[in-house]
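The file work_20.cif comes next; it holds mmCIF, C-alpha atoms.
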```
data_protein
#
loop_
_atom_site.group_PDB
_atom_site.id
_atom_site.type_symbol
_atom_site.label_atom_id
_atom_site.label_comp_id
_atom_site.auth_asym_id
_atom_site.auth_seq_id
_atom_site.Cartn_x
_atom_site.Cartn_y
_atom_site.Cartn_z
ATOM 1 C CA MET A 1 63.078 -3.591 -18.708
ATOM 2 C CA SER A 2 63.873 -6.027 -15.913
ATOM 3 C CA LYS A 3 61.133 -8.263 -14.587
ATOM 4 C CA SER A 4 61.196 -6.725 -11.067
ATOM 5 C CA LYS A 5 60.870 -3.198 -12.457
ATOM 6 C CA ARG A 6 58.075 -4.313 -14.803
ATOM 7 C CA LEU A 7 56.150 -5.838 -11.878
ATOM 8 C CA MET A 8 56.441 -2.628 -9.859
ATOM 9 C CA GLU A 9 55.231 -0.547 -12.804
ATOM 10 C CA LEU A 10 52.480 -3.091 -13.419
ATOM 11 C CA ILE A 11 51.185 -2.596 -9.866
ATOM 12 C CA VAL A 12 51.019 1.151 -10.511
ATOM 13 C CA ALA A 13 49.273 0.580 -13.845
ATOM 14 C CA VAL A 14 46.542 -1.752 -12.568
ATOM 15 C CA ASN A 15 45.851 0.500 -9.596
ATOM 16 C CA ARG A 16 45.442 3.416 -11.991
ATOM 17 C CA LYS A 17 43.321 1.633 -14.578
ATOM 18 C CA ARG A 18 41.109 -0.462 -12.265
ATOM 19 C CA ARG A 19 39.770 -2.252 -15.404
ATOM 20 C CA PHE A 20 41.989 -3.512 -18.240
ATOM 21 C CA THR A 21 42.712 -6.319 -20.705
ATOM 22 C CA VAL A 22 45.839 -8.415 -21.198
ATOM 23 C CA ARG A 23 46.143 -7.041 -24.729
ATOM 24 C CA GLU A 24 46.202 -3.438 -23.422
ATOM 25 C CA LEU A 25 48.959 -4.211 -20.938
ATOM 26 C CA SER A 26 50.902 -6.192 -23.514
ATOM 27 C CA ALA A 27 50.939 -3.192 -25.844
ATOM 28 C CA GLU A 28 51.762 -0.740 -23.029
ATOM 29 C CA PHE A 29 54.720 -2.734 -21.690
ATOM 30 C CA GLY A 30 55.941 -4.082 -25.009
ATOM 31 C CA VAL A 31 55.908 -7.753 -23.989
ATOM 32 C CA SER A 32 53.868 -10.748 -25.106
ATOM 33 C CA MET A 33 50.409 -11.498 -23.755
ATOM 34 C CA ARG A 34 51.786 -14.722 -22.301
ATOM 35 C CA THR A 35 54.325 -12.697 -20.277
ATOM 36 C CA ILE A 36 51.618 -10.345 -19.017
ATOM 37 C CA LEU A 37 49.503 -13.318 -17.932
ATOM 38 C CA ARG A 38 52.441 -14.695 -15.935
ATOM 39 C CA ASP A 39 53.042 -11.270 -14.396
ATOM 40 C CA LEU A 40 49.377 -10.919 -13.394
ATOM 41 C CA GLN A 41 49.530 -14.354 -11.799
ATOM 42 C CA GLU A 42 52.553 -13.258 -9.752
ATOM 43 C CA LEU A 43 50.773 -10.048 -8.682
ATOM 44 C CA SER A 44 47.786 -12.097 -7.586
ATOM 45 C CA GLU A 45 50.054 -14.349 -5.511
ATOM 46 C CA LEU A 46 51.592 -11.221 -3.934
ATOM 47 C CA GLY A 47 48.138 -10.142 -2.783
ATOM 48 C CA VAL A 48 46.992 -7.724 -5.493
ATOM 49 C CA PRO A 49 43.198 -8.351 -5.596
ATOM 50 C CA LEU A 50 42.611 -9.056 -9.308
ATOM 51 C CA TYR A 51 39.312 -10.348 -10.662
ATOM 52 C CA SER A 52 38.989 -12.009 -14.077
ATOM 53 C CA GLU A 53 35.902 -11.331 -16.215
ATOM 54 C CA VAL A 54 35.063 -13.641 -19.133
ATOM 55 C CA GLY A 55 33.170 -12.845 -22.333
ATOM 56 C CA PRO A 56 33.715 -10.697 -25.433
ATOM 57 C CA HIS A 57 34.115 -7.566 -23.322
ATOM 58 C CA GLY A 58 35.898 -9.301 -20.478
ATOM 59 C CA GLY A 59 39.298 -8.655 -19.029
ATOM 60 C CA TYR A 60 40.572 -7.930 -15.558
ATOM 61 C CA ARG A 61 39.530 -5.511 -12.906
ATOM 62 C CA ILE A 62 40.972 -4.741 -9.501
ATOM 63 C CA LEU A 63 38.703 -5.094 -6.505
ATOM 64 C CA GLN A 64 37.893 -2.174 -4.236
ATOM 65 C CA GLU A 65 40.581 -3.085 -1.687
ATOM 66 C CA ARG A 66 43.560 -1.937 -3.736
ATOM 67 C CA LEU A 67 47.207 -2.243 -2.797
ATOM 68 C CA LEU A 68 49.398 0.805 -2.984
ATOM 69 C CA PRO A 69 52.594 0.528 -5.012
ATOM 70 C CA PRO A 70 55.895 0.099 -3.149
ATOM 71 C CA ILE A 71 57.259 3.310 -1.647
ATOM 72 C CA ALA A 72 60.846 3.770 -0.530
ATOM 73 C CA PHE A 73 61.507 5.429 2.844
ATOM 74 C CA THR A 74 64.701 6.529 4.501
ATOM 75 C CA ASP A 75 65.416 5.245 8.014
ATOM 76 C CA ARG A 76 64.319 8.520 9.589
ATOM 77 C CA GLU A 77 61.174 8.711 7.427
ATOM 78 C CA ALA A 78 60.268 5.147 8.443
ATOM 79 C CA ALA A 79 60.723 5.969 12.145
ATOM 80 C CA ALA A 80 58.682 9.173 11.761
ATOM 81 C CA ILE A 81 55.760 7.351 10.141
ATOM 82 C CA PHE A 82 55.894 4.550 12.719
ATOM 83 C CA PHE A 83 55.641 6.953 15.645
ATOM 84 C CA ALA A 84 52.997 9.082 13.920
ATOM 85 C CA VAL A 85 50.747 6.011 13.773
ATOM 86 C CA GLN A 86 51.762 4.805 17.241
ATOM 87 C CA ALA A 87 50.713 8.176 18.675
ATOM 88 C CA LEU A 88 47.082 7.131 18.126
ATOM 89 C CA ARG A 89 47.339 4.184 20.513
ATOM 90 C CA HIS A 90 46.099 6.214 23.488
ATOM 91 C CA TYR A 91 42.672 6.705 21.870
ATOM 92 C CA SER A 92 40.073 4.149 22.897
ATOM 93 C CA SER A 93 38.356 4.552 19.503
ATOM 94 C CA LEU A 94 39.674 5.231 16.013
ATOM 95 C CA PRO A 95 37.892 5.522 12.646
ATOM 96 C CA PHE A 96 40.251 2.876 11.200
ATOM 97 C CA GLU A 97 41.059 0.929 14.346
ATOM 98 C CA THR A 98 41.752 -2.479 12.791
ATOM 99 C CA GLU A 99 43.540 -1.020 9.780
ATOM 100 C CA THR A 100 45.733 1.192 11.978
ATOM 101 C CA SER A 101 46.926 -1.774 14.016
ATOM 102 C CA ALA A 102 47.487 -3.871 10.892
ATOM 103 C CA ALA A 103 49.418 -1.099 9.149
ATOM 104 C CA LEU A 104 51.639 -0.525 12.184
ATOM 105 C CA ASN A 105 52.432 -4.228 12.532
ATOM 106 C CA LYS A 106 53.075 -4.616 8.808
ATOM 107 C CA PHE A 107 55.275 -1.533 8.720
ATOM 108 C CA TYR A 108 57.339 -2.765 11.677
ATOM 109 C CA THR A 109 57.618 -6.358 10.453
ATOM 110 C CA TYR A 110 59.074 -5.488 7.062
ATOM 111 C CA MET A 111 61.585 -2.938 8.293
ATOM 112 C CA PRO A 112 65.274 -3.846 8.173
ATOM 113 C CA GLU A 113 66.533 -5.277 11.452
ATOM 114 C CA ASP A 114 68.726 -2.259 12.240
ATOM 115 C CA VAL A 115 65.765 0.108 11.751
ATOM 116 C CA ARG A 116 63.610 -2.045 14.058
ATOM 117 C CA ASP A 117 66.367 -1.937 16.664
ATOM 118 C CA ARG A 118 66.467 1.844 16.418
ATOM 119 C CA ILE A 119 62.694 2.076 16.864
ATOM 120 C CA ASP A 120 62.815 -0.312 19.836
ATOM 121 C CA GLN A 121 65.351 1.980 21.485
ATOM 122 C CA MET A 122 63.183 5.028 20.796
ATOM 123 C CA ARG A 123 59.892 3.552 22.022
ATOM 124 C CA ASP A 124 60.595 4.335 25.675
ATOM 125 C CA ARG A 125 61.990 7.762 24.840
ATOM 126 C CA VAL A 126 59.316 9.194 22.535
ATOM 127 C CA ASP A 127 55.644 9.474 23.400
ATOM 128 C CA PHE A 128 52.615 11.587 22.485
ATOM 129 C CA ILE A 129 50.619 12.081 25.655
ATOM 130 C CA THR A 130 46.858 12.075 25.206
ATOM 131 C CA PRO A 131 44.366 11.918 28.082
ATOM 132 C CA VAL A 132 43.140 8.345 28.437
ATOM 133 C CA ARG A 133 39.341 8.325 28.132
ATOM 134 C CA GLN A 134 37.015 5.447 28.925
ATOM 135 C CA ALA A 135 34.345 6.781 26.557
ATOM 136 C CA GLN A 136 33.888 4.693 23.414
ATOM 137 C CA SER A 137 33.023 6.194 20.013
ATOM 138 C CA PRO A 138 31.980 3.190 17.888
ATOM 139 C CA HIS A 139 30.469 5.191 15.019
ATOM 140 C CA LEU A 140 33.544 7.141 13.869
ATOM 141 C CA SER A 141 33.780 5.303 10.539
ATOM 142 C CA VAL A 142 30.087 5.913 9.814
ATOM 143 C CA LEU A 143 30.408 9.632 10.614
ATOM 144 C CA LEU A 144 33.533 10.024 8.502
ATOM 145 C CA ASP A 145 32.015 8.155 5.565
ATOM 146 C CA ALA A 146 28.876 10.317 5.764
ATOM 147 C CA ALA A 147 31.027 13.462 5.745
ATOM 148 C CA ILE A 148 32.867 12.305 2.632
ATOM 149 C CA ARG A 149 29.770 11.123 0.749
ATOM 150 C CA GLN A 150 27.550 14.028 1.910
ATOM 151 C CA VAL A 151 24.968 11.795 3.609
ATOM 152 C CA VAL A 152 22.415 12.770 6.260
ATOM 153 C CA LEU A 153 22.401 10.529 9.343
ATOM 154 C CA LEU A 154 19.723 9.885 11.914
ATOM 155 C CA VAL A 155 21.547 9.678 15.244
ATOM 156 C CA ASP A 156 20.454 8.859 18.761
ATOM 157 C CA TYR A 157 22.257 11.536 20.779
ATOM 158 C CA ALA A 158 22.469 11.961 24.541
ATOM 159 C CA THR A 159 23.383 15.263 26.181
ATOM 160 C CA LYS A 160 23.713 15.786 29.927
ATOM 161 C CA GLN A 161 20.098 16.981 30.004
ATOM 162 C CA ARG A 162 18.245 14.695 27.590
ATOM 163 C CA ARG A 163 18.394 12.054 24.890
ATOM 164 C CA GLY A 164 16.761 12.290 21.491
ATOM 165 C CA LYS A 165 16.908 11.697 17.752
ATOM 166 C CA ARG A 166 18.732 14.178 15.533
ATOM 167 C CA GLU A 167 19.211 14.393 11.781
ATOM 168 C CA ILE A 168 22.719 15.627 11.066
ATOM 169 C CA GLN A 169 24.939 16.001 8.031
ATOM 170 C CA PRO A 170 28.531 15.479 9.193
ATOM 171 C CA ILE A 171 31.271 17.845 8.020
ATOM 172 C CA GLY A 172 34.120 15.911 9.621
ATOM 173 C CA ILE A 173 35.440 14.393 12.835
ATOM 174 C CA TYR A 174 38.357 15.549 14.978
ATOM 175 C CA ALA A 175 40.087 14.489 18.175
ATOM 176 C CA GLN A 176 40.723 16.888 21.038
ATOM 177 C CA ALA A 177 42.010 16.160 24.535
ATOM 178 C CA GLY A 178 41.378 12.435 24.114
ATOM 179 C CA LEU A 179 37.774 12.777 22.903
ATOM 180 C CA TRP A 180 36.283 12.646 19.397
ATOM 181 C CA TYR A 181 33.957 15.349 18.093
ATOM 182 C CA CYS A 182 31.832 15.621 14.959
ATOM 183 C CA LEU A 183 31.118 18.971 13.333
ATOM 184 C CA ALA A 184 27.801 18.649 11.531
ATOM 185 C CA TYR A 185 24.799 20.563 10.249
ATOM 186 C CA CYS A 186 21.865 19.861 12.572
ATOM 187 C CA PHE A 187 18.519 19.861 10.727
ATOM 188 C CA HIS A 188 16.633 20.290 14.016
ATOM 189 C CA ARG A 189 18.560 23.393 15.093
ATOM 190 C CA LYS A 190 19.081 24.547 11.483
ATOM 191 C CA SER A 191 22.687 25.442 12.254
ATOM 192 C CA PHE A 192 26.138 23.895 12.558
ATOM 193 C CA ARG A 193 26.777 22.076 15.816
ATOM 194 C CA VAL A 194 29.570 20.092 17.435
ATOM 195 C CA PHE A 195 28.574 16.656 18.731
ATOM 196 C CA ARG A 196 30.525 14.478 21.168
ATOM 197 C CA CYS A 197 31.015 11.225 19.273
ATOM 198 C CA ASP A 198 30.907 9.086 22.423
ATOM 199 C CA ARG A 199 27.393 10.399 23.084
ATOM 200 C CA ILE A 200 26.117 9.091 19.744
ATOM 201 C CA ASP A 201 24.492 5.737 20.513
ATOM 202 C CA SER A 202 23.413 4.948 16.945
ATOM 203 C CA ALA A 203 23.912 6.414 13.484
ATOM 204 C CA VAL A 204 22.022 5.232 10.391
ATOM 205 C CA PRO A 205 21.405 6.848 6.976
ATOM 206 C CA SER A 206 18.370 9.129 6.766
ATOM 207 C CA HIS A 207 16.074 9.741 3.792
ATOM 208 C CA THR A 208 16.420 13.513 4.208
ATOM 209 C CA GLN A 209 17.879 15.283 1.184
ATOM 210 C CA PRO A 210 21.440 16.423 1.999
ATOM 211 C CA LEU A 211 22.591 20.017 1.643
ATOM 212 C CA ASP A 212 25.403 21.002 -0.693
ATOM 213 C CA LEU A 213 28.187 21.319 1.864
ATOM 214 C CA GLN A 214 31.143 20.298 -0.316
ATOM 215 C CA GLN A 215 32.890 23.614 0.347
ATOM 216 C CA ILE A 216 32.389 23.355 4.122
ATOM 217 C CA HIS A 217 35.236 21.603 5.945
ATOM 218 C CA LEU A 218 36.981 21.415 9.318
ATOM 219 C CA GLY A 219 39.316 24.248 8.344
ATOM 220 C CA ARG A 220 36.319 26.543 8.852
ATOM 221 C CA LYS A 221 35.362 24.946 12.172
ATOM 222 C CA GLU A 222 35.865 27.999 14.377
ATOM 223 C CA GLU A 223 33.996 30.221 11.920
ATOM 224 C CA LEU A 224 31.015 27.853 11.819
ATOM 225 C CA ILE A 225 30.913 27.293 15.581
ATOM 226 C CA ARG A 226 30.779 31.057 16.140
ATOM 227 C CA LEU A 227 27.450 31.051 14.304
ATOM 228 C CA GLU A 228 25.850 28.709 16.830
ATOM 229 C CA GLY A 229 22.853 29.624 18.962
ATOM 230 C CA ASP A 230 22.400 32.548 21.350
ATOM 231 C CA ARG A 231 25.748 34.306 21.672
ATOM 232 C CA ILE A 232 27.126 36.269 24.607
ATOM 233 C CA TYR A 233 30.300 38.379 24.870
ATOM 234 C CA LEU A 234 33.116 37.085 27.093
ATOM 235 C CA TYR A 235 36.176 38.981 28.301
ATOM 236 C CA ALA A 236 38.692 37.779 30.893
ATOM 237 C CA GLU A 237 42.188 38.952 31.843
ATOM 238 C CA LEU A 238 44.903 36.328 32.242
ATOM 239 C CA SER A 239 48.212 36.229 34.074
ATOM 240 C CA LYS A 240 51.204 34.498 32.454
ATOM 241 C CA GLU A 241 50.247 31.315 34.261
ATOM 242 C CA GLY A 242 46.663 31.745 33.066
ATOM 243 C CA VAL A 243 47.853 32.031 29.453
ATOM 244 C CA GLU A 244 49.866 28.826 29.815
ATOM 245 C CA ALA A 245 46.838 27.030 31.284
ATOM 246 C CA CYS A 246 44.644 28.181 28.389
ATOM 247 C CA GLU A 247 47.227 27.010 25.870
ATOM 248 C CA ALA A 248 47.296 23.613 27.585
ATOM 249 C CA ASN A 249 43.502 23.287 27.414
ATOM 250 C CA PRO A 250 42.468 23.823 23.782
ATOM 251 C CA CYS A 251 38.766 24.490 24.378
ATOM 252 C CA PRO A 252 38.879 28.306 24.663
ATOM 253 C CA VAL A 253 42.107 28.860 22.683
ATOM 254 C CA ALA A 254 40.209 30.444 19.776
ATOM 255 C CA LEU A 255 39.449 33.326 22.139
ATOM 256 C CA LEU A 256 42.999 33.647 23.468
ATOM 257 C CA ARG A 257 45.110 36.760 22.845
ATOM 258 C CA ILE A 258 48.667 37.089 24.184
ATOM 259 C CA ARG A 259 50.654 40.250 24.957
ATOM 260 C CA ASN A 260 54.392 40.686 24.525
ATOM 261 C CA ASP A 261 54.955 40.357 28.274
ATOM 262 C CA GLY A 262 53.318 36.905 28.356
ATOM 263 C CA THR A 263 50.028 37.967 29.907
ATOM 264 C CA GLY A 264 46.870 37.894 27.837
ATOM 265 C CA TRP A 265 43.131 37.816 27.697
ATOM 266 C CA LEU A 266 40.191 35.757 26.440
ATOM 267 C CA GLU A 267 37.742 37.670 24.270
ATOM 268 C CA GLY A 268 34.955 36.630 21.960
ATOM 269 C CA ASN A 269 31.387 35.454 21.669
ATOM 270 C CA VAL A 270 30.374 32.140 23.231
ATOM 271 C CA THR A 271 27.041 30.379 23.410
ATOM 272 C CA ARG A 272 24.938 31.166 26.430
ATOM 273 C CA ASN A 273 24.465 27.426 26.983
ATOM 274 C CA ASP A 274 28.232 27.114 27.578
ATOM 275 C CA ILE A 275 28.208 29.363 30.668
ATOM 276 C CA PRO A 276 28.243 26.380 33.110
ATOM 277 C CA TYR A 277 31.292 24.977 31.282
ATOM 278 C CA PHE A 278 33.175 28.288 31.392
ATOM 279 C CA ALA A 279 32.243 28.749 35.058
ATOM 280 C CA SER A 280 33.982 25.470 35.895
ATOM 281 C CA TYR A 281 36.859 26.356 33.612
ATOM 282 C CA PHE A 282 37.572 29.710 35.266
ATOM 283 C CA VAL A 283 37.191 28.248 38.759
ATOM 284 C CA GLY A 284 39.973 25.870 37.738
ATOM 285 C CA LEU A 285 42.164 28.796 36.683
ATOM 286 C CA GLY A 286 41.734 30.403 40.104
ATOM 287 C CA LYS A 287 43.440 33.761 40.618
ATOM 288 C CA ASP A 288 45.217 33.519 37.255
ATOM 289 C CA ALA A 289 42.034 34.647 35.483
ATOM 290 C CA ASN A 290 39.689 37.561 36.142
ATOM 291 C CA VAL A 291 36.372 37.473 34.251
ATOM 292 C CA ALA A 292 35.024 40.942 33.496
ATOM 293 C CA GLN A 293 32.098 39.975 31.280
ATOM 294 C CA PRO A 294 29.454 38.634 30.995
ATOM 295 C CA LYS A 295 27.741 39.215 34.301
ATOM 296 C CA GLU A 296 25.911 35.898 33.913
ATOM 297 C CA LEU A 297 29.262 34.097 33.896
ATOM 298 C CA ARG A 298 30.523 36.015 36.929
ATOM 299 C CA ALA A 299 27.330 35.013 38.761
ATOM 300 C CA ALA A 300 27.786 31.369 37.723
ATOM 301 C CA ILE A 301 31.369 31.421 39.031
ATOM 302 C CA ARG A 302 30.221 32.823 42.369
ATOM 303 C CA GLN A 303 27.542 30.146 42.566
ATOM 304 C CA ARG A 304 30.063 27.410 41.817
ATOM 305 C CA LEU A 305 32.486 28.760 44.454
ATOM 306 C CA SER A 306 29.668 28.968 47.013
ATOM 307 C CA GLU A 307 28.768 25.347 46.375
ATOM 308 C CA MET A 308 32.405 24.358 46.823
ATOM 309 C CA MET A 309 32.623 26.319 50.060
ATOM 310 C CA VAL A 310 29.611 24.452 51.409
ATOM 311 C CA GLN A 311 31.109 21.155 50.289
ATOM 312 C CA TYR A 312 34.388 21.782 52.084
ATOM 313 C CA THR A 313 33.121 23.571 55.204
ATOM 314 C CA GLU A 314 30.314 21.230 56.214
ATOM 315 C CA GLU A 315 31.286 18.933 59.067
ATOM 316 C CA MET A 316 31.864 15.417 57.742
ATOM 317 C CA ILE A 317 30.190 12.828 59.945
ATOM 318 C CA VAL A 318 31.689 9.360 59.705
ATOM 319 C CA THR A 319 29.782 6.520 61.319
ATOM 320 C CA GLN A 320 31.343 3.228 62.246
ATOM 321 C CA GLU A 321 29.464 0.019 62.762
#
```

Starting from the coordinates I provided, produce the structure as structure tokens.
Amino acid sequence: MSKSKRLMELIVAVNRKRRFTVRELSAEFGVSMRTILRDLQELSELGVPLYSEVGPHGGYRILQERLLPPIAFTDREAAAIFFAVQALRHYSSLPFETETSAALNKFYTYMPEDVRDRIDQMRDRVDFITPVRQAQSPHLSVLLDAAIRQVVLLVDYATKQRRGKREIQPIGIYAQAGLWYCLAYCFHRKSFRVFRCDRIDSAVPSHTQPLDLQQIHLGRKEELIRLEGDRIYLYAELSKEGVEACEANPCPVALLRIRNDGTGWLEGNVTRNDIPYFASYFVGLGKDANVAQPKELRAAIRQRLSEMMVQYTEEMIVTQE
């Protein structure tokens, strides 16, 4: 086996083992212990984080920050991965913000020159448009880690109406329309809730015993959200333009149904607390949507339109000094 191939396989081996001795590697690779020691020294110089332990039961172990083994990409695969990562640049907050930037720079730096030239030419011709939001979500990493480790967090959460402490057990985080959301079990409400991550001002571990939610994940998000709070039935007819507007705004898409002729309707149960949101949403759709139910939503739409009429019919008085 050539030295270069042995080093590549050695990287895979130490990542897999995490803890090992020189004698074990010597037997596995069929080379002398002296050769393995030289190879480990070279891996260390390449950046593989090895730690030597002395004593009768000593050996080597790899630190938590492991390096992945080399992976070969085609030119098109390299460009695809580069732009997949670059698509995140419009978000003001990311769960791995520093690592994302480092990975993108490293990936670009070590590409062949012709591949870099191709990417440079594509940069101004490929983009993933995401609404630019000023809201910061500094606790994404904490929320994601809690979701993975099944930890309950005590968060300071601010809604439009009030601010307060909540104990939540995160299920996962997801981005939508430029904002980050956290699906979590709320111990105060005793149900699953969706929290705006930019409204979480602090998040620290709680002493509350976590629930067994290993089988609950974001793939069941819509199912869990439908279980929230006081529900009310919504039905609205949509023109073709209304369908396109609903597809562009993902918030009510779970309720969207489309006919063969391109028209459609929104139908399903929503929380009663969301009526103000849907009132604004349907006012934005204008004549391309016609809400049939619930009557509370129709009343909220009329109220919103009346307020707008007052706003735009009152005489504006401008004073000059």

What is the distance between CA of Leu43 in chain A and CA of Leu104 in chain A, in Å to one decimal?
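Here the two named atoms are 23.0 Å from each other.
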
Exactly which residues make up the result of the PyMOL selection byres ((chain A and resi 191-206) around 6) on this file, given as number ranges by chain?
A: 135-137, 152-158, 180-186, 189-190, 207-208

Which polymer residues have any atom within 7 Å of an atom of range 282-290 of chain A, counting all atoms listed in the file, with same-chain residues fewer than 2 positions away left out, as number ranges by chain?
A: 236-239, 241-242, 278-280, 292, 301

Output of the PyMOL selection byres ((chain A and resi 72-89) around 9), listed as a tab-separated table (two decimals) with C-alpha atoms, keeping the file's coordinate frame:
```tsv
chain	number	residue	atom	x	y	z
A	70	PRO	CA	55.90	0.10	-3.15
A	71	ILE	CA	57.26	3.31	-1.65
A	90	HIS	CA	46.10	6.21	23.49
A	91	TYR	CA	42.67	6.70	21.87
A	92	SER	CA	40.07	4.15	22.90
A	94	LEU	CA	39.67	5.23	16.01
A	100	THR	CA	45.73	1.19	11.98
A	101	SER	CA	46.93	-1.77	14.02
A	103	ALA	CA	49.42	-1.10	9.15
A	104	LEU	CA	51.64	-0.52	12.18
A	107	PHE	CA	55.28	-1.53	8.72
A	108	TYR	CA	57.34	-2.76	11.68
A	111	MET	CA	61.58	-2.94	8.29
A	115	VAL	CA	65.76	0.11	11.75
A	116	ARG	CA	63.61	-2.04	14.06
A	118	ARG	CA	66.47	1.84	16.42
A	119	ILE	CA	62.69	2.08	16.86
A	123	ARG	CA	59.89	3.55	22.02
A	126	VAL	CA	59.32	9.19	22.54
A	127	ASP	CA	55.64	9.47	23.40
A	128	PHE	CA	52.62	11.59	22.48
A	129	ILE	CA	50.62	12.08	25.66
A	130	THR	CA	46.86	12.08	25.21
```

Residue among A:Pro170, A:Glu244, A:Ala147, A:Lys295 lying closest to Gly262 in chain A, counting only C-alpha atoms:
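Closest to Gly262 in chain A, using only C-alpha atoms: A:Glu244.
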
Find the distance between CA of Arg259 in chain A and CA of Glu247 in chain A and write it in Å to one decimal.
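Spanning CA of Arg259 in chain A to CA of Glu247 in chain A is a straight-line distance of 13.7 Å.
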
Hey, can you check how far CA of Trp265 in chain A sits from CA of Ala248 in chain A?
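Result for CA of Trp265 in chain A versus CA of Ala248 in chain A: 14.8 Å, one decimal.
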
Output the residue selection produced by the PyMOL selection byres ((chain A and resi 60) around 6) on the file above, formatted as a count of residues only.
8

Pick out the residues sitting within 12 Å of Gln41 in chain A, and hand them over as number ranges by chain; count all atoms listed in the file, and ignore anything fewer than 5 positions along from it in its own chain.
A: 7, 10, 22, 34-36, 46-52, 60

Generate a file of the selected residues that holds C-alpha atoms, formatted as a CSV table (one decimal), in the coordinates of the input.
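Printed below is again-v2.csv as written:
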```csv
chain,number,residue,atom,x,y,z
A,7,LEU,CA,56.2,-5.8,-11.9
A,10,LEU,CA,52.5,-3.1,-13.4
A,22,VAL,CA,45.8,-8.4,-21.2
A,34,ARG,CA,51.8,-14.7,-22.3
A,35,THR,CA,54.3,-12.7,-20.3
A,36,ILE,CA,51.6,-10.3,-19.0
A,46,LEU,CA,51.6,-11.2,-3.9
A,47,GLY,CA,48.1,-10.1,-2.8
A,48,VAL,CA,47.0,-7.7,-5.5
A,49,PRO,CA,43.2,-8.4,-5.6
A,50,LEU,CA,42.6,-9.1,-9.3
A,51,TYR,CA,39.3,-10.3,-10.7
A,52,SER,CA,39.0,-12.0,-14.1
A,60,TYR,CA,40.6,-7.9,-15.6
```

Which one of A:Pro138, A:Lys17, A:Arg6, A:Phe187 sits closest to Asp39 in chain A if you count all atoms listed in the file?
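Counting all atoms listed in the file, the residue closest to Asp39 in chain A is A:Arg6.
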
Which residues are close to Asn273 in chain A, i.e. within 9 Å by all atoms listed in the file, leaving aside same-chain residues fewer than 2 positions away? Reply as a list in words.
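Non-adjacent residues within range: Gly229, Asp230, Arg231, Val270, Thr271, Ile275, Pro276 and Tyr277 of chain A.
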
Set up a box along x, y and z of the file covering all listed atoms of range 202-217 of chain A, add 3 Å on every one of the six sides, and write the centre and edge lengths in Å to one decimal, as AutoDock Vina command-line options.
```
--center_x 25.7 --center_y 14.3 --center_z 8.1 --size_x 25.2 --size_y 24.7 --size_z 23.6
```

Go through A:Tyr312, A:Tyr174, A:Tyr281, A:Tyr233 one by one, measure the shortest atom-to-atom distance of each to Asn249 in chain A using all atoms listed in the file, and give the residue with the smallest value.
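Result for the nearest residue to Asn249 in chain A: A:Tyr281.
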